[in-house]
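A.B. asks: What follows is start19.csv; its format and atoms are CSV, C-alpha atoms.
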```csv
chain,number,residue,atom,x,y,z
A,1,MET,CA,0.0,0.0,0.0
A,2,SER,CA,1.3,3.4,-0.9
A,3,THR,CA,1.9,6.3,1.5
A,4,SER,CA,-0.7,8.4,-0.3
A,5,GLN,CA,-3.4,5.7,0.1
A,6,SER,CA,-2.7,5.4,3.8
A,7,LEU,CA,-2.7,9.1,4.4
A,8,GLY,CA,-6.0,9.4,2.4
A,9,GLY,CA,-7.5,12.9,2.6
A,10,ASN,CA,-4.3,14.2,4.3
A,11,ALA,CA,-2.1,13.2,1.4
A,12,ALA,CA,-1.2,15.1,-1.7
A,13,PRO,CA,-4.3,15.5,-3.9
A,14,ILE,CA,-4.9,13.4,-7.0
A,15,VAL,CA,-3.8,15.5,-10.0
A,16,ALA,CA,-5.7,14.8,-13.2
A,17,VAL,CA,-5.2,16.6,-16.5
A,18,ILE,CA,-8.7,16.9,-18.1
A,19,GLY,CA,-9.0,18.7,-21.3
A,20,ASP,CA,-6.3,21.4,-21.2
A,21,ASN,CA,-6.4,22.0,-17.5
A,22,GLU,CA,-4.9,20.3,-14.5
A,23,TYR,CA,-7.3,19.6,-11.6
A,24,LYS,CA,-6.4,18.6,-8.1
A,25,PHE,CA,-8.9,16.3,-6.5
A,26,GLY,CA,-9.1,15.7,-2.7
A,27,LEU,CA,-10.5,12.5,-1.4
A,28,LEU,CA,-13.9,12.1,0.1
A,29,THR,CA,-13.3,13.4,3.6
A,30,GLN,CA,-16.0,13.9,6.2
A,31,LYS,CA,-16.1,17.5,5.2
A,32,ILE,CA,-16.9,16.7,1.5
A,33,LYS,CA,-19.5,14.1,2.6
A,34,SER,CA,-21.1,16.7,4.8
A,35,GLY,CA,-21.1,19.1,1.9
A,36,ILE,CA,-23.0,16.6,-0.2
A,37,GLU,CA,-25.5,16.1,2.6
A,38,ARG,CA,-26.1,19.9,2.9
A,39,ILE,CA,-26.7,20.1,-0.9
A,40,VAL,CA,-29.3,17.3,-0.8
A,41,GLN,CA,-31.0,18.9,2.3
A,42,SER,CA,-31.0,22.3,0.6
A,43,ARG,CA,-32.6,20.9,-2.6
A,44,ALA,CA,-35.3,19.2,-0.6
A,45,ARG,CA,-36.0,22.5,1.2
A,46,THR,CA,-36.1,24.4,-2.2
A,47,GLU,CA,-38.6,21.9,-3.5
A,48,LEU,CA,-40.7,22.4,-0.4
A,49,PHE,CA,-40.7,26.2,-0.7
A,50,ARG,CA,-41.5,25.9,-4.4
A,51,ASP,CA,-44.7,24.1,-3.5
A,52,LYS,CA,-45.5,26.5,-0.7
A,53,ASN,CA,-47.9,28.6,-2.7
A,54,ASP,CA,-50.0,25.5,-3.5
A,55,MET,CA,-50.4,24.7,0.2
A,56,GLY,CA,-52.3,26.3,2.9
A,57,ASP,CA,-50.5,27.6,6.0
A,58,GLU,CA,-51.3,24.5,8.1
A,59,GLU,CA,-50.4,22.1,5.3
A,60,PHE,CA,-47.0,23.9,4.8
A,61,LYS,CA,-46.3,23.9,8.6
A,62,LEU,CA,-46.9,20.1,8.6
A,63,ALA,CA,-44.7,19.6,5.5
A,64,TYR,CA,-41.9,21.8,7.0
A,65,GLY,CA,-42.1,19.8,10.2
A,66,ALA,CA,-41.8,16.6,8.3
A,67,TYR,CA,-38.8,18.0,6.4
A,68,MET,CA,-37.1,18.9,9.7
A,69,ASP,CA,-37.9,15.5,11.1
A,70,ARG,CA,-36.3,13.9,8.1
A,71,ILE,CA,-33.1,15.9,8.7
A,72,SER,CA,-33.1,14.8,12.4
A,73,SER,CA,-33.6,11.2,11.5
A,74,GLY,CA,-30.7,11.2,9.1
A,75,ALA,CA,-32.7,10.9,5.9
A,76,PHE,CA,-30.1,13.0,4.0
A,77,ALA,CA,-27.1,11.2,5.4
A,78,PHE,CA,-24.3,10.3,3.0
A,79,GLY,CA,-24.8,6.8,1.9
A,80,GLY,CA,-28.5,6.9,2.4
A,81,VAL,CA,-31.2,6.6,-0.3
A,82,ASN,CA,-31.5,10.4,-0.9
A,83,CYS,CA,-27.7,11.0,-1.2
A,84,ARG,CA,-27.2,7.9,-3.4
A,85,GLY,CA,-30.0,9.0,-5.7
A,86,PHE,CA,-28.5,12.5,-5.9
A,87,LEU,CA,-24.9,11.2,-6.6
A,88,THR,CA,-26.1,9.0,-9.5
A,89,SER,CA,-27.5,12.0,-11.3
A,90,THR,CA,-25.4,14.2,-13.5
A,91,ASP,CA,-26.1,17.2,-11.2
A,92,GLY,CA,-25.0,15.2,-8.2
A,93,LEU,CA,-21.7,14.2,-9.9
A,94,ALA,CA,-21.1,17.8,-10.9
A,95,ASN,CA,-21.6,18.9,-7.3
A,96,LEU,CA,-19.2,16.2,-6.1
A,97,VAL,CA,-16.6,17.3,-8.6
A,98,HIS,CA,-17.2,20.9,-7.5
A,99,LEU,CA,-16.5,20.0,-3.9
A,100,MET,CA,-13.6,17.6,-4.4
A,101,ALA,CA,-11.7,19.7,-7.0
A,102,GLY,CA,-12.5,23.1,-5.4
A,103,ILE,CA,-13.8,24.5,-8.6
A,104,SER,CA,-17.1,26.3,-9.4
A,105,LEU,CA,-20.3,24.4,-9.8
A,106,ASP,CA,-20.5,25.5,-13.5
A,107,GLU,CA,-17.0,24.2,-14.1
A,108,GLY,CA,-18.1,20.9,-12.5
A,109,HIS,CA,-21.1,20.7,-14.8
A,110,ARG,CA,-18.9,21.4,-17.8
A,111,LEU,CA,-16.4,18.7,-16.9
A,112,VAL,CA,-19.1,16.1,-16.3
A,113,ALA,CA,-20.8,16.9,-19.6
A,114,GLU,CA,-17.6,17.1,-21.7
A,115,TYR,CA,-15.3,14.6,-20.1
A,116,SER,CA,-17.6,12.0,-18.5
A,117,GLU,CA,-15.1,9.1,-18.9
A,118,GLU,CA,-12.2,10.9,-17.3
A,119,ILE,CA,-14.4,12.2,-14.5
A,120,ALA,CA,-15.8,8.7,-13.9
A,121,ALA,CA,-12.2,7.3,-13.7
A,122,VAL,CA,-11.1,9.9,-11.2
A,123,VAL,CA,-14.2,9.6,-9.1
A,124,GLY,CA,-13.8,5.8,-9.1
A,125,GLN,CA,-10.3,6.1,-7.9
A,126,ILE,CA,-11.3,8.6,-5.2
A,127,PHE,CA,-14.1,6.3,-3.9
A,128,THR,CA,-11.7,3.3,-3.9
A,129,GLU,CA,-9.2,5.2,-1.8
A,130,SER,CA,-11.7,6.9,0.5
A,131,PHE,CA,-13.8,3.9,1.7
A,132,ARG,CA,-12.9,0.8,3.6
A,133,SER,CA,-15.4,-1.4,1.7
A,134,THR,CA,-14.2,-0.5,-1.8
A,135,ARG,CA,-10.6,-1.3,-1.1
A,136,LYS,CA,-9.0,-4.5,-2.2
A,137,ALA,CA,-8.5,-7.0,0.7
A,138,GLU,CA,-5.2,-6.5,2.4
A,139,THR,CA,-3.4,-9.8,2.7
A,140,PRO,CA,-2.4,-10.6,6.2
A,141,GLY,CA,1.4,-11.1,6.6
A,142,LYS,CA,2.2,-9.3,3.3
A,143,SER,CA,4.6,-6.4,3.9
A,144,GLU,CA,2.9,-3.0,3.3
A,145,ILE,CA,6.2,-1.3,3.4
A,146,SER,CA,7.4,-3.0,0.2
A,147,GLU,CA,4.2,-2.2,-1.8
B,1,MET,CA,-21.8,2.6,14.6
B,2,ASN,CA,-23.5,5.8,13.7
B,3,SER,CA,-21.6,9.0,12.7
B,4,LEU,CA,-22.2,10.7,16.1
B,5,ALA,CA,-20.6,7.7,17.9
B,6,VAL,CA,-17.7,7.7,15.5
B,7,VAL,CA,-17.0,11.4,15.9
B,8,ALA,CA,-17.4,11.1,19.7
B,9,SER,CA,-14.9,8.3,19.9
B,10,LEU,CA,-12.3,10.2,17.9
B,11,THR,CA,-12.6,13.3,20.1
B,12,ASP,CA,-12.1,11.1,23.2
B,13,GLN,CA,-9.0,9.3,24.6
B,14,PRO,CA,-6.6,8.2,23.1
B,15,TYR,CA,-7.1,10.2,19.9
B,16,LEU,CA,-8.3,13.6,21.2
B,17,LEU,CA,-8.9,14.9,17.7
B,18,SER,CA,-10.6,18.3,17.0
B,19,MET,CA,-13.6,18.6,14.8
B,20,ASP,CA,-11.5,20.2,12.1
B,21,GLN,CA,-9.1,17.3,12.1
B,22,ILE,CA,-11.9,14.7,11.9
B,23,ALA,CA,-13.4,16.7,9.0
B,24,GLU,CA,-10.3,16.0,7.0
B,25,LEU,CA,-10.4,12.2,7.5
B,26,THR,CA,-11.7,9.7,5.0
B,27,ASP,CA,-13.8,6.8,6.0
B,28,TYR,CA,-10.9,4.5,5.3
B,29,GLN,CA,-8.7,6.4,7.8
B,30,ILE,CA,-11.3,6.3,10.5
B,31,TRP,CA,-12.2,2.6,10.2
B,32,ARG,CA,-8.9,1.1,9.1
B,33,ILE,CA,-6.4,3.2,10.9
B,34,TYR,CA,-8.1,4.9,13.9
B,35,GLY,CA,-10.7,2.2,14.4
B,36,LYS,CA,-8.3,-0.7,14.0
B,37,GLU,CA,-9.0,-3.9,15.8
B,38,ARG,CA,-8.1,-4.1,19.5
B,39,ASP,CA,-7.4,-7.0,21.8
B,40,ASP,CA,-9.2,-7.9,25.0
B,41,ARG,CA,-7.3,-5.3,26.9
B,42,GLY,CA,-8.1,-2.5,24.4
B,43,VAL,CA,-4.6,-2.4,22.9
B,44,PRO,CA,-4.7,-1.9,19.2
B,45,LYS,CA,-3.6,-4.9,17.2
B,46,ALA,CA,-0.9,-4.5,14.6
B,47,ILE,CA,-2.1,-4.0,11.1
B,48,PRO,CA,-1.0,-7.3,9.3
B,49,GLY,CA,2.4,-7.0,7.8
B,50,SER,CA,2.8,-3.3,8.5
B,51,LEU,CA,5.8,-3.3,10.8
B,52,ALA,CA,6.6,-7.0,11.2
B,53,PRO,CA,10.1,-7.8,9.9
B,54,SER,CA,10.4,-10.2,6.9
B,55,LYS,CA,11.5,-13.8,7.4
B,56,ARG,CA,14.9,-12.9,6.0
B,57,GLU,CA,15.3,-10.0,8.4
B,58,SER,CA,14.3,-12.2,11.3
B,59,GLY,CA,16.8,-14.8,10.2
B,60,ILE,CA,19.6,-12.2,10.1
B,61,VAL,CA,18.8,-10.9,13.6
B,62,GLU,CA,18.7,-14.5,14.9
B,63,ALA,CA,22.1,-15.3,13.3
B,64,LYS,CA,23.7,-12.2,14.6
B,65,ALA,CA,22.5,-12.9,18.2
B,66,LYS,CA,24.0,-16.4,18.0
B,67,TYR,CA,27.2,-15.0,16.6
B,68,LEU,CA,27.5,-12.4,19.3
B,69,SER,CA,26.8,-14.8,22.1
B,70,MET,CA,29.3,-17.3,20.8
B,71,GLY,CA,31.9,-14.5,20.3
B,72,VAL,CA,31.4,-13.2,23.9
B,73,ALA,CA,31.7,-16.7,25.2
B,74,LEU,CA,35.1,-16.9,23.5
B,75,GLY,CA,36.2,-13.7,25.2
B,76,ILE,CA,36.0,-11.4,22.2
B,77,SER,CA,34.7,-7.8,22.9
B,78,ILE,CA,31.3,-6.7,21.5
B,79,ASP,CA,33.0,-3.9,19.5
B,80,GLU,CA,35.3,-6.3,17.8
B,81,LEU,CA,32.4,-8.7,17.0
B,82,ASN,CA,30.3,-5.9,15.7
B,83,ALA,CA,33.1,-4.6,13.5
B,84,ALA,CA,33.8,-8.1,12.1
B,85,TRP,CA,30.0,-8.7,11.5
B,86,SER,CA,29.8,-5.4,9.7
B,87,LYS,CA,32.8,-6.2,7.5
B,88,LYS,CA,31.4,-9.6,6.7
B,89,ASN,CA,28.0,-8.2,5.8
B,90,GLY,CA,29.1,-5.3,3.5
B,91,GLY,CA,28.9,-2.6,6.2
B,92,ARG,CA,25.5,-3.7,7.4
B,93,ASN,CA,25.1,-3.9,11.2
```
Is it possible to express this structure as C-alpha cells?
C.D. replies:
Amino acid sequence: MSTSQSLGGNAAPIVAVIGDNEYKFGLLTQKIKSGIERIVQSRARTELFRDKNDMGDEEFKLAYGAYMDRISSGAFAFGGVNCRGFLTSTDGLANLVHLMAGISLDEGHRLVAEYSEEIAAVVGQIFTESFRSTRKAETPGKSEISE
Amino acid sequence: MNSLAVVASLTDQPYLLSMDQIAELTDYQIWRIYGKERDDRGVPKAIPGSLAPSKRESGIVEAKAKYLSMGVALGISIDELNAAWSKKNGGRN
C-alpha cells in the first residue's frame, strides 16, 4: 500500500489533466461528505418552498415539520437513499466534482458533460481510496512497506 | 456505529482529535487506521504485515544474536564482534 493511500485525505491531492487543464482532487473526507448532505438537504428545502404557494399555512407547517424530522432522522445522510440517488445524477456528480476539486459548480457541470469518462475514472479512484469497503482486501502477513 | 458515535470516539481518549481534524479524514482512515481492531485489553492490534520484519530480516537478527553470544563466550569484545560482523556483511550492522 502506498503512503498516499494510507494518508488518504491528508495526502497530496490526486492530480488529473482533463482537457487542457490540471485539476487537483481531494479524497472524500468527512467535510466533503457533509457538503453533499447539505446540498441534498437544501434541494429538498427548495422543493418544499417551491410548492409553498400551492399549500395552505397549516399544510405547509406540517410539511416543513416533516422536512425537519427527516433531517433529524438522518434521511439525508451520506450513503442513504437520498444521497445515493443524488450522486447517481449528472447534477450530483457535478456537485461532487465541484467540492472535491474546489472548482465552481458551473465548471463541475462542464467537466461532467464534456469529459464524462475521465471524471468517472477519477471519481472511481477517489471512492476506492476513501472507503474501507471499496478497497482490495489486504493480505495478512504481506509487507505493506514494500508495496 | 452511527456517525455521532464515530466522531465522539475520535474526540475522546486516546485520539483527542478536534472537529477540524476529523473533518479532514476519509472513512478509510477512520475505520482502518483509527478504528483498527483491538485485543481484549483494548490495545490496538498491529495491522497485518505493516511493521513486522520479513522472514529474511528475522533470520539475520537471529544469526547475529547467535554470533555475538558465541563470540562473547570466546572472550571477544562486543565492539570487535560488531566490526567483524559489519565487515562480513558489507557494512551492514
A.B. asks: So which residues touch Asn10 of chain A within 12 Å, counting all atoms listed in the file, skipping near sequence neighbours fewer than 4 positions away, as JSON, numbers by chain?
C.D. replies: {"A": [3, 4, 5, 6, 14, 25, 26, 27, 28, 29, 30, 129, 130], "B": [21, 22, 23, 24, 25, 26, 28, 29]}
A.B. asks: Quick one: write out the picked residues with C-alpha atoms as a short mmCIF file (atom, residue, chain, number, x, y, z; two decimals), keeping the file's coordinate frame?
C.D. replies:
```cif
data_model
loop_
_atom_site.label_atom_id
_atom_site.label_comp_id
_atom_site.auth_asym_id
_atom_site.auth_seq_id
_atom_site.Cartn_x
_atom_site.Cartn_y
_atom_site.Cartn_z
CA THR A 3 1.90 6.30 1.50
CA SER A 4 -0.70 8.40 -0.30
CA GLN A 5 -3.40 5.70 0.10
CA SER A 6 -2.70 5.40 3.80
CA ILE A 14 -4.90 13.40 -7.00
CA PHE A 25 -8.90 16.30 -6.50
CA GLY A 26 -9.10 15.70 -2.70
CA LEU A 27 -10.50 12.50 -1.40
CA LEU A 28 -13.90 12.10 0.10
CA THR A 29 -13.30 13.40 3.60
CA GLN A 30 -16.00 13.90 6.20
CA GLU A 129 -9.20 5.20 -1.80
CA SER A 130 -11.70 6.90 0.50
CA GLN B 21 -9.10 17.30 12.10
CA ILE B 22 -11.90 14.70 11.90
CA ALA B 23 -13.40 16.70 9.00
CA GLU B 24 -10.30 16.00 7.00
CA LEU B 25 -10.40 12.20 7.50
CA THR B 26 -11.70 9.70 5.00
CA TYR B 28 -10.90 4.50 5.30
CA GLN B 29 -8.70 6.40 7.80
#
```
A.B. asks: Please provide as an mmCIF file with C-alpha atoms, keeping the file's coordinate frame all residues within 10 Å of segment 117-120 of chain A, with the sequence filter that same-chain residues fewer than 3 positions apart are discarded (counting all atoms listed in the file).
C.D. replies:
```
data_model
loop_
_atom_site.group_PDB
_atom_site.id
_atom_site.type_symbol
_atom_site.label_atom_id
_atom_site.label_comp_id
_atom_site.auth_asym_id
_atom_site.auth_seq_id
_atom_site.Cartn_x
_atom_site.Cartn_y
_atom_site.Cartn_z
ATOM 1 C CA ALA A 16 -5.700 14.800 -13.200
ATOM 2 C CA VAL A 17 -5.200 16.600 -16.500
ATOM 3 C CA ILE A 18 -8.700 16.900 -18.100
ATOM 4 C CA GLY A 19 -9.000 18.700 -21.300
ATOM 5 C CA LEU A 93 -21.700 14.200 -9.900
ATOM 6 C CA ALA A 94 -21.100 17.800 -10.900
ATOM 7 C CA VAL A 97 -16.600 17.300 -8.600
ATOM 8 C CA GLY A 108 -18.100 20.900 -12.500
ATOM 9 C CA LEU A 111 -16.400 18.700 -16.900
ATOM 10 C CA VAL A 112 -19.100 16.100 -16.300
ATOM 11 C CA ALA A 113 -20.800 16.900 -19.600
ATOM 12 C CA GLU A 114 -17.600 17.100 -21.700
ATOM 13 C CA VAL A 123 -14.200 9.600 -9.100
ATOM 14 C CA GLY A 124 -13.800 5.800 -9.100
ATOM 15 C CA GLN A 125 -10.300 6.100 -7.900
ATOM 16 C CA ILE A 126 -11.300 8.600 -5.200
#
```
A.B. asks: Just the number, please: distance in Å from atom CA of Gly79 of chain A to atom CA of Glu37 of chain A, one decimal.
C.D. replies: 9.4 Å
A.B. asks: Measuring atom to atom with all atoms listed in the file, identify which of A:Leu105, A:Arg70, A:Ala77, A:Asn53 is nearest to chain B.
C.D. replies: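 Of A:Leu105, A:Arg70, A:Ala77, A:Asn53, the one nearest chain B, counting all atoms listed in the file, is A:Ala77.
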A.B. asks: Between A:Phe127, A:Asn21, A:Ile39, A:His109, which has the minimum distance to chain B (counting all atoms listed in the file)?
C.D. replies: A:Phe127
A.B. asks: Could you check how far atom CA of Asp27 of chain B sits from atom CA of Phe131 of chain A, in Å to one decimal?
C.D. replies: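 It comes out at 5.2 Å.
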A.B. asks: Which residue is closest to chain A? Choose from B:Ile33, B:Leu17, B:Met70, B:Ala5 and count only C-alpha atoms.
C.D. replies: B:Ile33
A.B. asks: At what distance in Å, to one decimal, does atom CA of Pro48 of chain B lie from atom CA of Asp12 of chain B?
C.D. replies: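 One can read the atom CA of Asp12 of chain B to atom CA of Pro48 of chain B distance as 25.6 Å.
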A.B. asks: Between A:Lys24, A:Gly92, A:Leu7, A:Tyr64, which has the minimum distance to Arg32 of chain B (counting all atoms listed in the file)?
C.D. replies: A:Leu7
A.B. asks: Leaving out segment 80-86 of chain B and any residue of its chain fewer than 3 positions from it, which residues lie within 10 Å of it when counting only C-alpha atoms, given as a VMD selection string?
C.D. replies: chain B and resid 64 67 to 72 76 to 77 89 to 93
A.B. asks: Show me, as a list in words, the residues that have an atom within 12 Å of Tyr15 of chain B when counting all atoms listed in the file, minus same-chain residues fewer than 6 positions from it.
C.D. replies: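 Counting only the stated atoms, we get Val6, Val7, Ala8, Ser9, Gln21, Ile22, Ile30, Ile33, Tyr34 and Gly35 of chain B.
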A.B. asks: Have a look at B:Lys88, B:Ile78, B:Leu10, B:Gly59 and name the one nearest to Trp31 of chain B; count all atoms listed in the file.
C.D. replies: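 Looking only at the distances to Trp31 of chain B, the closest residue turns out to be B:Leu10.
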A.B. asks: Which polymer residues have any atom within 9 Å of an atom of Leu48 of chain A, counting all atoms listed in the file, with same-chain residues fewer than 5 positions away left out, as a PyMOL selection string?
C.D. replies: chain A and resi 43+60+63-64+67
A.B. asks: From the set A:Val40, A:Phe78, A:Thr46, A:Ser104, which residue has the shortest atom-to-atom contact distance to chain B, counting all atoms listed in the file?
C.D. replies: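 Under the stated criterion, the closest residue is A:Phe78.
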